[in-house]
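Chemist: Have a look at this one before I ask anything.
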Amino acid sequence: MNLSLEQITNEIKCLFVANNKELITNLEMLPQSGSDRVYFRIITEISSFIAAYNTHIKENETFFYFSKHFKSKGIPVPNVLYVNNEQTIYIQEDMGKENLLDKIEQFGKDEKVFSLYQKSLSQLARIQIEGDKDLDYNKCFAAKSFGKQAILNDLLYFKYYFLDTLSIPYNKIILQEEMETLSTFLAETEHQYFMFRDFQSRNILVREDEVAFIDFQGGMKGALQYDVASLLWQAKANLSEEWKNSLLAFYIIEVEKILGKPIDKTAFIHHYNGYVLIRLLQVLGAYGFRGLFERKSHFVSSIPLALKNIQFFVANKTIGLSLPVFHELLLKVSSQEIIDRFSVQQADEHTPLVVVINSFSYRNGIPECNNESGGGYVFDMRGILNPGRFDDYKKLSGLDKPVQDFLKERTKMGSFLNSVWEVIDISVENYLERGFEHLSVNFGCTGGQHRSVFAAEQTAKHLQEKYKVKVELSHTNRDKWVK
């Protein structure tokens with residue numbers, strides 16, 4: 001049974017108090033990722049812990065088992081400390097607040113970040129090879145291994161949700177045969193050990209220049225190359241080709257150290273390139289599903305970068321297989337014509353357009369437009385559940401993380417903003433093309449403090465990231481916020 005947020009926090013407090021004498025000073029909800037799990041940070045007078053709520057009991061049992069097993073091998077993963085009777089809530093070690101992606105954004109591609117990548121790959125080799133020893137794969141909550149069918153499923157995901165939307169003619173029978181050939185080739189990779197499955201920079205925590213791993217419960221038996229490809233070709237990290245090659249060479253050395261013998265580097269890299277391609281196509285399938293089918297515009301805007309990765313891969317990498325139809329399709333999919341189809345015009349220093357974004361309170365009326373051209377939008381946020389009705393959030397605003405988490409997790413704010421952006425993006429693109437100078441976007445709620453502020457901030461971020469357009473952001477009722 002799903003619990004309310006209040007019930008979850010009460011259960012977490014009860015579980016902690018029953019097992020630990022430290023006094024809880026704060027319990028903060030953490031941003032939710034792609035899963036249904038809900039995380040909290042428990043802060044006490046002397047330390048901190050991470051609590052999780054997940055109704056998928058089989059998944060939780062897998063995590064408990066994997067964590068205990070890897071911990072026994074000396075691998076840096078969180079220790080599960082306390083579990084409730086229903087196995088829906090558990091409390092674990094807090095391995096740190098920053099992840100590897102945070103470090104990239106903080107320091108850029110410097111020597112310190114490169115060193116953290118090396119440490120991550122060194123520990124990855126350990127969790128894959130040493131973690132594989134005596135691991136009971138019957139404990140996996142999903143598939144036990146990443147074999148031919150799983151690989152083929154990733155390829156079909158790309159085919160159905162992206163390739164087929166392009167209306168490019170191709171021989172479906174031959175393509176299916178070549179996908180089968182590629183899947184068989186990759187499934188027969190020599191080095192099969194524990195596969196993390198979602199090894200990317202957000203799942204690598206960094207504390208005091210040491211790394212630790214989280215979210216490994218989706219792991220299974222699989223090829224070593226898959227996890228390395230996932231990390232080094234993560235689009236958000238955008239590593240240079242020099243870094244990718246250097247780090248791959250470092251990883252191979254680490255693997256050889258643990259195995260105590262050399263590996264066939266040519267064969268290893270051919271399979272590695274194959275798994276890179278699988279990951280790139282899976283990402284395109286995900287962008288297609290989220291963007292073209294669920295109509296979430298920010299996924300559509302990510303498609304050009306993914307296509308450029310495919311373009312670079314086809315021009316510079318080889319798998320060691322002859323797949324002529326598949327290869328020809330990849331050339332067409334990553335052509336400049338297709339990239340341009342999904343690309344949007346972006347502003348530069350000479351672009352006249354300024355988007356004025358306001359949050360406001362309906363008690364004080366809609367902000368006046370002082371531009372002579374007028375025009376724009378007014379969105380009423382009062383259909384979204386108001387955090388200001390709850391004592392914990394009343395004196396906060398949409399600028400504060402607890403309110404932001406509330407709106408993301410407990411309301412339909414995400415769906416609302418996706419619909420808003422789909423509308424205003426039409427105007428922004430048209431105005432950029434026609435050289436217009438002004439567009440106003442206004443978000444109103446009861447007090448102009450929570451919902452409208454959050455919506456205005458998120459919309460400003462969306463427009464700046466997607467179109468690089470100038471934005472003037474104002475919270476018009478700020479002086480009257482409840483404090």
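Naming works like this for the structure tokens: A, B, ... for the chains as they're shown, residue 1 at the start of each chain, ligands 1 onward in shown order.
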For Lys97 (chain A), find every residue with an atom within 12 Å (counting only C-alpha atoms), except residues of its own chain fewer than 2 positions away, and show them as a ChimeraX atom specification.
Modeler: /A:30-31,40-41,48-50,93-95,99-103,202-208,211-212,214
Chemist: Save the residues we just selected, C-alpha atoms, as a PDB file, in the first residue's frame?
Modeler:
```
ATOM      1  CA  LEU A  30      15.797  14.402  -1.717  1.00  0.00           C
ATOM      2  CA  PRO A  31      15.000  15.011  -5.404  1.00  0.00           C
ATOM      3  CA  PHE A  40      15.287  11.340   2.521  1.00  0.00           C
ATOM      4  CA  ARG A  41      18.361  12.553   4.383  1.00  0.00           C
ATOM      5  CA  SER A  48      23.554  11.830   8.739  1.00  0.00           C
ATOM      6  CA  PHE A  49      21.821   8.856   7.126  1.00  0.00           C
ATOM      7  CA  ILE A  50      19.818   8.109   3.987  1.00  0.00           C
ATOM      8  CA  GLU A  93      24.823   4.954   5.376  1.00  0.00           C
ATOM      9  CA  ASP A  94      25.090   8.423   3.904  1.00  0.00           C
ATOM     10  CA  MET A  95      27.939   8.196   1.380  1.00  0.00           C
ATOM     11  CA  ASN A  99      28.188  13.034  -7.146  1.00  0.00           C
ATOM     12  CA  LEU A 100      30.708  12.870  -9.968  1.00  0.00           C
ATOM     13  CA  LEU A 101      28.525  14.961 -12.270  1.00  0.00           C
ATOM     14  CA  ASP A 102      28.422  17.692  -9.600  1.00  0.00           C
ATOM     15  CA  LYS A 103      32.219  17.682  -9.597  1.00  0.00           C
ATOM     16  CA  ARG A 202      25.032  10.548 -10.876  1.00  0.00           C
ATOM     17  CA  ASN A 203      25.380   7.122  -9.243  1.00  0.00           C
ATOM     18  CA  ILE A 204      28.978   7.776  -8.197  1.00  0.00           C
ATOM     19  CA  LEU A 205      29.121   9.729  -4.950  1.00  0.00           C
ATOM     20  CA  VAL A 206      32.229  11.689  -4.016  1.00  0.00           C
ATOM     21  CA  ARG A 207      33.329  12.487  -0.478  1.00  0.00           C
ATOM     22  CA  GLU A 208      36.830  13.581   0.530  1.00  0.00           C
ATOM     23  CA  VAL A 211      34.143   7.469  -4.608  1.00  0.00           C
ATOM     24  CA  ALA A 212      31.228   5.237  -3.639  1.00  0.00           C
ATOM     25  CA  ILE A 214      24.665   3.706  -5.261  1.00  0.00           C
TER      26      ILE A 214
END
```
Chemist: Near Asp400 (chain A), counting only C-alpha atoms, which residues have an atom at most 10 Å away, once you skip same-chain residues fewer than 5 positions from it, shown as an MDAnalysis selection string?
Modeler: chainID A and resid 393 405 450 454
Chemist: May I have the residues from that selection written out with N, CA and C atoms, as a compact mmCIF listing (two decimals), in the first residue's frame?
Modeler:
```txt
# COMPACT_ATOMS: atom_id res chain seq x y z
N TYR A 393 5.82 24.64 4.93
CA TYR A 393 6.22 25.37 3.73
C TYR A 393 5.71 26.82 3.70
N ASP A 405 10.72 20.39 -4.06
CA ASP A 405 10.50 18.93 -3.98
C ASP A 405 9.01 18.62 -3.82
N HIS A 450 4.78 30.61 -3.89
CA HIS A 450 5.21 29.22 -4.01
C HIS A 450 5.11 28.71 -5.45
N PHE A 454 7.99 29.06 -8.46
CA PHE A 454 8.65 27.86 -8.99
C PHE A 454 8.47 27.76 -10.51
```
Chemist: From the list A:Asn85, A:Met195, A:Leu152, A:Gln106, which residue is nearest Gln128 (chain A) when using only C-alpha atoms?
Modeler: A:Met195
Chemist: With a distance cut-off of 12 Å and only C-alpha atoms, select the neighbouring residues of Glu188 (chain A), excluding the residue or stretch itself and same-chain residues fewer than 5 positions from it, and output the selection as a ChimeraX atom specification.
Modeler: /A:146-148,151,181-183,222-224,267-268,271,274
Chemist: What lies within 9 Å of Ala229 (chain A) using only C-alpha atoms, ignoring chain neighbours under 2 positions off, as a ChimeraX atom specification?
Modeler: /A:199,225-227,231-234,248,272-273,275-277,279
Chemist: When DSSP is applied to the backbone of this structure, which of region 110-139 of chain A are assigned helix (DSSP H, G or I)? Write them out as a ChimeraX atom specification.
Modeler: /A:111-129,137-139
Chemist: Would you pick out the contacts of region 338-348 of chain A at 6 Å or less, using only C-alpha atoms, so that residues sharing its chain but fewer than 4 positions from it are not included, and give the list as a count of residues only?
Modeler: 4
Chemist: When you look at region 315-330 of chain A with a cut-off of 12 Å (counting only C-alpha atoms), what residues show up, excluding the ones that are within fewer than 4 positions of it in the same chain? I need them as a ChimeraX atom specification.
Modeler: /A:155,158-159,162-164,166-186,241,245,266-278,280-281,284,307-311,334-336,338
Chemist: DSSP on the backbone: which residues in region 275-403 of chain A end up as strand (DSSP E or B)? Give the answer as a list in words.
Modeler: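 So, restricting region 275-403 of chain A to strand (DSSP E or B), we get Val354, Val355, Val356, Ile357, Asn358, Ser359, Phe360, Ser361, Gly376, Tyr377, Val378, Phe379 and Asp380 of chain A.
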Chemist: Report, in Å to a single decimal, how far apart CA of His462 (chain A) and CA of Ser301 (chain A) are.
Modeler: 10.4 Å
Chemist: Could you name the residues that touch region 363-375 of chain A at 10 Å or less, counting only C-alpha atoms, but leaving out those on the same chain fewer than 2 positions away, as a PyMOL selection string?
Modeler: chain A and resi 356+358-361+377-378+436-448+476-477
Chemist: For a test of reading the model, state the distance in Å between CA of Gln404 (chain A) and CA of Thr55 (chain A), rounded to one decimal.
Modeler: 23.5 Å
